[in-house]
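Asker: Encoded as structure tokens, here's the structure I'll be asking about.
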Amino acid sequence: MPVTLTEKAASHVQGSLAKRGKGLGLRLGVRTSGCSGMAYKMEFADAINPEDIQFESHGVKVVVDPRSLPYLEGTELDYTREGLNEGFRFRNPNVKDECGCGESFNT
Amino acid sequence: MALFQIAEPGQSAAPHRHRLAVGIDLGTTNSLVATVRSGIPTVLGDEQGRPLMPSIVRYLPGGAVEVGYAAQSRQVEDPKNCLASVKRFMGRGLRDVAYIENSPYDFVDAPGMVQLRTVAGVKSPVEVSAEILKALRRRAELSLAGDLAGAVITVPAYFDDAQRQATKDAARLAGLNVLRLLNEPTAAAVAYGLENASEGLYAVFDLGGGTFDISILRLSRGVFEVLATSGDAALGGDDFDHRVFCWALEEAKLPPLPPRDTRMLQLKSREAKEALALHGEAPLTAKLSSGEFIDLRLTTETFCRITQNLVHKTLGPTRKALRDAGLAVEDIKGVVMVGGATRMPQLQRAVAEFFGRDPLNNLDPDKVVALGAAMQANVLAGNQPEGGDWLLLDVIPLSLGIETMGGLVERIVPRNSTIPTARAQEFTTFKDGQTAMSIHVVQGERELVSDCRSLARFELRGIPPLAAGGARIRVGFQVDADGLLSVSAREQSTGLESSISVKPSYGLGDSDIERMLRDSFEHAREDMHARALREHRVEGERLAGAVRGALAADGGLLAPEERGEIDRLLAALEAALPGDDARAIKRAAEALNRATGSFAARRMDEGVKRALAGRSIANLDL
């Protein structure tokens with residue numbers, strides 16, 4: 001199952017990349033930490049490693065390392081606004097429970 | 001559910017560990033707050049996306065306050081309680097305030113700092129500034145969805161110790177942790193990334209709404225040093241508007257207008273001026289209360305002609321600053337434009353002509369100071385990558401010293417010393433058998449104490465009686481990262497010591513600060529209610545949106561009476577949302593949530609059924 005972006009998320013990633021002036025795409029990953037097991041990692045991708053899995057969604061290259069992929073399969077990344085706060089939101093079907101604020105999760 | 005931002009490679013913040021830090025441009029006319037998001041500095045707007053907040057506070061009977069556009073819109077009808085431009089009064093006594101006769105306020109001459117009488121009582125400029133900072137802090141905390149670790153606040157390069165301390169006190173009252181006070185021109189230079197540029201001399205040309213400042217900076221080894229500042233405290237974009245207004249009066253041959261018409265025509269003049277930056281010609285039309293129509297066209301040529309001497313007025317202080325710094329125009333390596341009024345093309349041209357080079361103007365001149373402050377805040381809060389040795393140093397703007405015999409100043413910390421700094425010098429007694437020494441701390445560049453600003457006095461007593469010149473007294477000055485000073489004196493043979501932290505003498509004692517802090521605690525409940533309302537609204541909007549989406553997708557699963565009930569509760573929630581009753585919103589949201597519980601369960605079942613339809617158990621990927 002691929003990792004995808006909504007159209008809105010994709011256009012925000014493209015905007016950020018353009019403002020930044022460099023970068024091949026978006027790197028998503030997970031690592032162990034936080035209060036509830038795993039934590040998301042979302043960074044600009046400046047380099048692609050040979051083992052990386054690549055997806056393409058609405059014109060944005062999404063890069064995931066193979067060890068993170070099982071946790072992220074089928075995830076859709078959205079961009080939303082909550083009041084004055086806006087940012088990216090992970091819709092991850094693998095998540096069983098997450099900490100109160102959603103910054104870390106369990107699968 | 002947390003929202004995420006994209007990080008630079010290798011810099012994803014650990015959960016719950018990102019430190020929110022902001023930069024605040026606390027301006028005379030407008031204020032802004034900015035932060036670094038996803039590695040990109042951004043100004044945070046209000047609910048309507050407006051980046052600027054007018055630096056105006058309105059006090060209402062009973063102590064409530066309105067800040068920003070809300071206060072600005074009441075300025076005409078309630079001038080005495082709508083306090084604008086209080087930055088001019090920060091750390092200033094009544095005698096020091098320029099153009100006081102043009103201010104509509106009731107001034108109260110308090111020891112040290114002037115105060116203003118409003119319907120809600122006498123307010124000090126520090127309290128008024130704290131209201132502005134509080135509003136910016138609320139905006140930042142709502143935008144970033146978290147508590148602020150700290151803020152960098154900008155101040156004019158010429159602010160002295162008293163004015164800096166007043167700014168810090170205002171921040172403390174607003175509940176902000178000040179990471180650093182930063183000079184405005186330095187912040188602008190940082191926003192343009194000049195600290196990474198090659199060393200050299202830069203000019204920062206700052207024409208705001210009502211003030212003009214020109215600063216000459218020297219960059220060497222990553223440190224900005226303010227070589228000279230000059231300006232005009234009564235020259236700004238507003239004066240250009242006023243010229244257009246006068247021109248319109250003359251062109252249309254109007255008699256003196258009633259206040260409402262005056263105000264309206266002033267606004268129209270400003271709009272015409274702003275339209276002119278984009279087109280070569282702008283209409284200026286208005287209908288007066290007399291029924292008379294005004295229909296004028298403002299052309300670029302006319303605008304340049306009527307504002308020519310205003311443009312010219314900026315060049316005098318610019319020349320003076322260069323002369324004070326001992327520099328020629330050719331020495332300047334770059335010119336940074338700051339302030340909305342620098343958008344005017346004729347001003348850009350005049351500056352380019354004067355310096356013989358095109359000024360840096362590709363950042364929004366209204367935002368550049370706030371952006372630079374945000375970048376500095378991000379570094380100080382510890383969000384910067386490791387190995388980024390990007391720590392900006394600042395310098396003290398005026399020399400610090402003590403009074404010696406004959407009313408002369410002995411400078412101990414010369415101006416432009418990088419801070420934090422510590423310096424010491426030895427002094428001795430003047431008379432035989434002298435056992436006490438009075439130490440008078442002064443600030444300024446002049447030779448005579450009477451021409452400098454007095455900061456503090458203290459005494460060292462119990463000096464062993466010796467012949468004149470026998471005692472050795474070491475006077476040490478320490479300046480912290482915010483440019484604030486403490487002074488100590490130590491008799492070397494006995495180790496006798498006395499010291500003072502310079503609370504510049506503007507009349508805001510510890511007890512006053514305490515009282516103001518208490519006041520802010522008393523308003524904590526109102527602040528809390530405002531916050532709760534905002535939170536319930538966001539949650540209610542989210543729920544209403546989700547229910548609308550579910551009804552559109554799976555409304556068919558509901559019986560007509562169920563549908564009716566949900567529609568009714570959804571309408572009730574939508575009606576409650578714009579109101580001010582947080583509890584009503586919460587109740588409406590809870591009711592809707594309960595009523596949709598079984599609907600949600602049915603949608604889930606339906607989804608599972610659809611997924612399983614037509615597949616045998618063996619084929620299922622379980």
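As shown in the structure tokens, the chain order sets the letters A, B, ...; within each chain, residues go from 1, and ligands are also counted from 1 in the order they appear.
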Fewer than 3 positions away in the same chain doesn't count, so skip those; otherwise give me all residues within 12 Å of Ser16 of chain A, counting only C-alpha atoms, as a count of residues only.

Answerer: 28

Asker: If we count only C-alpha atoms and set the cut-off at 9 Å, which residues sit around segment 570-572 of chain B, ignoring sequence neighbours fewer than 5 positions away in its own chain? Please answer as a ChimeraX atom specification.

Answerer: /B:544,547-548,565,577,588-589,592

Asker: Those same residues, written as a compact mmCIF listing (two decimals), in the first residue's frame with N, CA, C and O atoms?

Answerer:
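That gives us again-v6.txt:
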```txt
# COMPACT_ATOMS: atom_id res chain seq x y z
N ALA B 544 -18.86 19.85 13.72
CA ALA B 544 -19.90 20.21 12.76
C ALA B 544 -19.47 19.81 11.35
O ALA B 544 -20.26 19.25 10.59
N VAL B 547 -19.73 16.01 10.95
CA VAL B 547 -21.11 15.52 10.84
C VAL B 547 -21.67 15.86 9.46
O VAL B 547 -22.30 15.03 8.81
N ARG B 548 -21.38 17.09 9.00
CA ARG B 548 -21.87 17.47 7.67
C ARG B 548 -21.33 16.50 6.62
O ARG B 548 -22.06 16.05 5.75
N GLU B 565 -33.45 14.82 13.92
CA GLU B 565 -32.85 15.13 15.22
C GLU B 565 -31.40 15.63 15.02
O GLU B 565 -30.99 16.62 15.61
N LEU B 577 -22.04 28.52 17.75
CA LEU B 577 -20.61 28.73 17.49
C LEU B 577 -20.17 30.20 17.48
O LEU B 577 -19.16 30.53 18.10
N ALA B 588 -23.86 22.15 23.19
CA ALA B 588 -24.42 21.85 21.87
C ALA B 588 -23.56 20.78 21.18
O ALA B 588 -24.09 19.87 20.53
N ALA B 589 -22.25 20.89 21.34
CA ALA B 589 -21.36 19.92 20.71
C ALA B 589 -21.54 18.54 21.32
O ALA B 589 -21.60 17.52 20.62
N LEU B 592 -24.77 16.93 20.11
CA LEU B 592 -24.65 16.44 18.75
C LEU B 592 -23.80 15.17 18.72
O LEU B 592 -24.10 14.21 18.02
```

Asker: Closest to Val95 of chain A among A:Leu5, A:Val64, A:Ala47, A:Met38, using only C-alpha atoms?

Answerer: A:Met38

Asker: Separation of atom CA of Ile53 of chain A and atom CA of Asp65 of chain A, in Å?

Answerer: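 Interatomic distance, atom CA of Ile53 of chain A to atom CA of Asp65 of chain A: 6.1 Å.
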
Asker: Would you mind listing, for every residue of chain B within 6 Å of chain A, the two atoms forming the shortest contact and the distance between them in Å to one decimal, using only C-alpha atoms, sorted by chain and ascending residue number, as JSON lines?

Answerer:
```
{"residue": "B:Met1", "atom": "CA", "partner": "A:Gly102", "partner_atom": "CA", "distance": 4.6}
{"residue": "B:Ala2", "atom": "CA", "partner": "A:Gly102", "partner_atom": "CA", "distance": 5.0}
{"residue": "B:Leu3", "atom": "CA", "partner": "A:Gly87", "partner_atom": "CA", "distance": 4.9}
{"residue": "B:Phe4", "atom": "CA", "partner": "A:Phe88", "partner_atom": "CA", "distance": 4.7}
{"residue": "B:Gln5", "atom": "CA", "partner": "A:Gly87", "partner_atom": "CA", "distance": 5.8}
{"residue": "B:Ile6", "atom": "CA", "partner": "A:Glu43", "partner_atom": "CA", "distance": 5.0}
{"residue": "B:Ala7", "atom": "CA", "partner": "A:Glu43", "partner_atom": "CA", "distance": 4.4}
{"residue": "B:Glu8", "atom": "CA", "partner": "A:Glu43", "partner_atom": "CA", "distance": 5.4}
{"residue": "B:Pro9", "atom": "CA", "partner": "A:Glu43", "partner_atom": "CA", "distance": 5.2}
{"residue": "B:Ser12", "atom": "CA", "partner": "A:Lys41", "partner_atom": "CA", "distance": 5.7}
{"residue": "B:Pro15", "atom": "CA", "partner": "A:Gly34", "partner_atom": "CA", "distance": 5.3}
{"residue": "B:Leu142", "atom": "CA", "partner": "A:Leu84", "partner_atom": "CA", "distance": 5.7}
{"residue": "B:Ser143", "atom": "CA", "partner": "A:Asn85", "partner_atom": "CA", "distance": 4.2}
{"residue": "B:Leu144", "atom": "CA", "partner": "A:Asn85", "partner_atom": "CA", "distance": 5.6}
{"residue": "B:Val538", "atom": "CA", "partner": "A:Gly83", "partner_atom": "CA", "distance": 5.7}
```

Asker: To test your reading of the structure, identify every residue in segment 173-345 of chain B that backbone DSSP assigns to strand (DSSP E), and report it as a PyMOL selection string.

Answerer: chain B and resi 178-183+200-207+212-220+223-232+281-287+293-299+332-338

Asker: As a ChimeraX atom specification, please: every residue in segment 20-199 of chain B that a backbone DSSP assignment puts in helix (DSSP H, G or I).

Answerer: /B:69-72,86-89,94-96,100-102,125-144,161-173,184-191,194-196

Asker: By how many Å are atom CA of Val67 of chain B and atom CA of Ala275 of chain B apart?

Answerer: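 Value for the atom CA of Val67 of chain B-atom CA of Ala275 of chain B distance: 27.4 Å.
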
Asker: So that I can check the surroundings of Ala166 of chain B, please list as a list in words every protein, DNA and RNA residue that reaches within 8 Å of it, counting only C-alpha atoms and ignoring chain neighbours fewer than 6 positions away.

Answerer: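 In the requested format, the answer is Met90, Gly91 and Val126 of chain B.
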
Asker: Pick out the residues sitting within 7 Å of segment 225-240 of chain B, and hand them over as a PyMOL selection string; count only C-alpha atoms, and ignore anything fewer than 3 positions along from it in its own chain.

Answerer: chain B and resi 158+207-219+243-244+307+317-318+320-321+324-325+341+394-395+397+416

Asker: Just the selected residues (N, CA, C and O atoms), exported as a CSV table (one decimal), in the first residue's frame, please.

Answerer:
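Saved result, again.csv, follows:
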```
chain,number,residue,atom,x,y,z
B,158,TYR,N,18.8,53.3,19.6
B,158,TYR,CA,19.1,54.4,20.5
B,158,TYR,C,18.4,54.3,21.8
B,158,TYR,O,18.6,55.2,22.7
B,207,LEU,N,11.8,53.8,7.7
B,207,LEU,CA,10.7,54.8,7.8
B,207,LEU,C,9.4,54.1,8.1
B,207,LEU,O,8.8,53.4,7.2
B,208,GLY,N,8.9,54.3,9.3
B,208,GLY,CA,7.7,53.6,9.7
B,208,GLY,C,6.5,54.6,9.6
B,208,GLY,O,6.6,55.5,8.8
B,209,GLY,N,5.4,54.3,10.3
B,209,GLY,CA,4.2,55.1,10.2
B,209,GLY,C,4.5,56.5,10.7
B,209,GLY,O,4.0,57.5,10.1
B,210,GLY,N,5.2,56.6,11.8
B,210,GLY,CA,5.4,57.9,12.4
B,210,GLY,C,6.8,58.3,12.8
B,210,GLY,O,7.0,59.4,13.4
B,211,THR,N,7.8,57.4,12.6
B,211,THR,CA,9.1,57.7,13.0
B,211,THR,C,10.1,57.3,11.9
B,211,THR,O,9.8,56.4,11.1
B,212,PHE,N,11.2,58.0,11.8
B,212,PHE,CA,12.3,57.7,10.9
B,212,PHE,C,13.6,57.4,11.7
B,212,PHE,O,13.9,58.2,12.5
B,213,ASP,N,14.2,56.3,11.4
B,213,ASP,CA,15.5,56.0,12.0
B,213,ASP,C,16.5,55.5,11.0
B,213,ASP,O,16.1,54.7,10.1
B,214,ILE,N,17.7,56.0,11.1
B,214,ILE,CA,18.7,55.6,10.2
B,214,ILE,C,19.9,55.1,11.1
B,214,ILE,O,20.2,55.7,12.1
B,215,SER,N,20.3,53.9,10.8
B,215,SER,CA,21.4,53.3,11.6
B,215,SER,C,22.5,52.9,10.7
B,215,SER,O,22.3,52.3,9.7
B,216,ILE,N,23.8,53.1,11.2
B,216,ILE,CA,24.9,52.6,10.5
B,216,ILE,C,25.5,51.4,11.3
B,216,ILE,O,25.8,51.6,12.5
B,217,LEU,N,25.6,50.3,10.7
B,217,LEU,CA,26.1,49.1,11.4
B,217,LEU,C,27.4,48.7,10.8
B,217,LEU,O,27.6,48.8,9.6
B,218,ARG,N,28.3,48.1,11.7
B,218,ARG,CA,29.5,47.5,11.2
B,218,ARG,C,29.4,46.0,11.5
B,218,ARG,O,29.2,45.7,12.7
B,219,LEU,N,29.6,45.2,10.5
B,219,LEU,CA,29.7,43.8,10.8
B,219,LEU,C,31.1,43.3,10.8
B,219,LEU,O,31.8,43.5,9.8
B,243,ARG,N,0.1,65.0,3.4
B,243,ARG,CA,0.3,65.8,2.2
B,243,ARG,C,-0.8,65.6,1.2
B,243,ARG,O,-1.3,66.5,0.5
B,244,VAL,N,-1.1,64.3,1.0
B,244,VAL,CA,-2.1,64.0,0.0
B,244,VAL,C,-3.5,64.6,0.4
B,244,VAL,O,-4.2,65.2,-0.4
B,307,THR,N,5.4,65.7,-2.1
B,307,THR,CA,6.1,65.0,-0.9
B,307,THR,C,7.6,65.2,-1.1
B,307,THR,O,8.3,64.6,-0.3
B,317,PRO,N,19.2,63.5,8.3
B,317,PRO,CA,19.7,62.6,9.3
B,317,PRO,C,20.6,61.5,8.8
B,317,PRO,O,21.5,61.0,9.5
B,318,THR,N,20.4,61.0,7.6
B,318,THR,CA,21.2,60.0,7.0
B,318,THR,C,22.7,60.6,6.9
B,318,THR,O,23.6,59.9,7.2
B,320,LYS,N,23.9,62.9,8.6
B,320,LYS,CA,24.4,63.1,10.0
B,320,LYS,C,24.9,61.8,10.6
B,320,LYS,O,26.0,61.8,11.2
B,321,ALA,N,24.2,60.7,10.3
B,321,ALA,CA,24.6,59.4,10.9
B,321,ALA,C,26.0,59.0,10.3
B,321,ALA,O,26.9,58.6,11.0
B,324,ASP,N,28.6,61.2,11.9
B,324,ASP,CA,28.9,60.8,13.2
B,324,ASP,C,29.8,59.5,13.2
B,324,ASP,O,30.6,59.3,14.1
B,325,ALA,N,29.5,58.6,12.2
B,325,ALA,CA,30.3,57.4,12.2
B,325,ALA,C,31.7,57.6,11.5
B,325,ALA,O,32.5,56.7,11.5
B,341,ALA,N,6.6,52.5,4.8
B,341,ALA,CA,6.7,53.7,4.0
B,341,ALA,C,7.8,53.7,2.9
B,341,ALA,O,7.8,54.4,2.0
B,394,ASP,N,25.4,41.3,20.4
B,394,ASP,CA,24.9,42.7,20.3
B,394,ASP,C,25.9,43.6,21.1
B,394,ASP,O,26.7,43.1,21.8
B,395,VAL,N,25.7,44.8,21.0
B,395,VAL,CA,26.6,45.8,21.6
B,395,VAL,C,25.7,46.8,22.4
B,395,VAL,O,24.6,47.0,22.2
B,397,PRO,N,24.6,50.4,23.5
B,397,PRO,CA,24.4,51.6,22.6
B,397,PRO,C,25.1,52.9,23.1
B,397,PRO,O,25.5,53.7,22.3
B,416,ASN,N,29.3,50.4,22.3
B,416,ASN,CA,29.7,49.4,21.3
B,416,ASN,C,30.5,48.3,21.8
B,416,ASN,O,31.0,47.5,21.0
```

Asker: What's around Leu288 of chain B at 10 Å? Count only C-alpha atoms, leave out sequence neighbours fewer than 6 positions away in its own chain, and write the answer as a list in words.

Answerer: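 Residues meeting the cut-off are Leu257, Pro258, Arg260, Asp261, Thr262, Met264, Leu265 and Ile294 of chain B.
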
Asker: Could the residues in this selection be written to a file with N, CA and C atoms, as a short mmCIF file (atom, residue, chain, number, x, y, z; two decimals), in the first residue's frame?

Answerer:
```
data_model
loop_
_atom_site.label_atom_id
_atom_site.label_comp_id
_atom_site.auth_asym_id
_atom_site.auth_seq_id
_atom_site.Cartn_x
_atom_site.Cartn_y
_atom_site.Cartn_z
N LEU B 257 -13.24 70.91 7.34
CA LEU B 257 -14.25 69.86 7.37
C LEU B 257 -14.59 69.45 8.79
N PRO B 258 -15.80 68.93 9.00
CA PRO B 258 -16.12 68.34 10.31
C PRO B 258 -15.25 67.09 10.54
N ARG B 260 -15.64 63.96 11.17
CA ARG B 260 -15.93 62.69 10.51
C ARG B 260 -15.45 62.71 9.06
N ASP B 261 -15.69 63.84 8.38
CA ASP B 261 -15.25 63.99 6.99
C ASP B 261 -13.73 64.01 6.91
N THR B 262 -13.11 64.69 7.87
CA THR B 262 -11.65 64.76 7.91
C THR B 262 -11.07 63.36 7.97
N MET B 264 -12.47 60.55 7.19
CA MET B 264 -12.76 59.77 6.00
C MET B 264 -11.83 60.16 4.86
N LEU B 265 -11.63 61.46 4.71
CA LEU B 265 -10.77 61.94 3.62
C LEU B 265 -9.32 61.52 3.86
N ILE B 294 -16.38 64.62 -4.12
CA ILE B 294 -15.01 64.94 -4.51
C ILE B 294 -14.56 63.86 -5.47
#
```

Asker: Contacts of Asp78 of chain B at 12 Å or less, counting only C-alpha atoms, minus same-chain residues fewer than 2 places along, as an MDAnalysis selection string?

Answerer: chainID B and resid 57:61 71:76 80:84 104:105 118:119
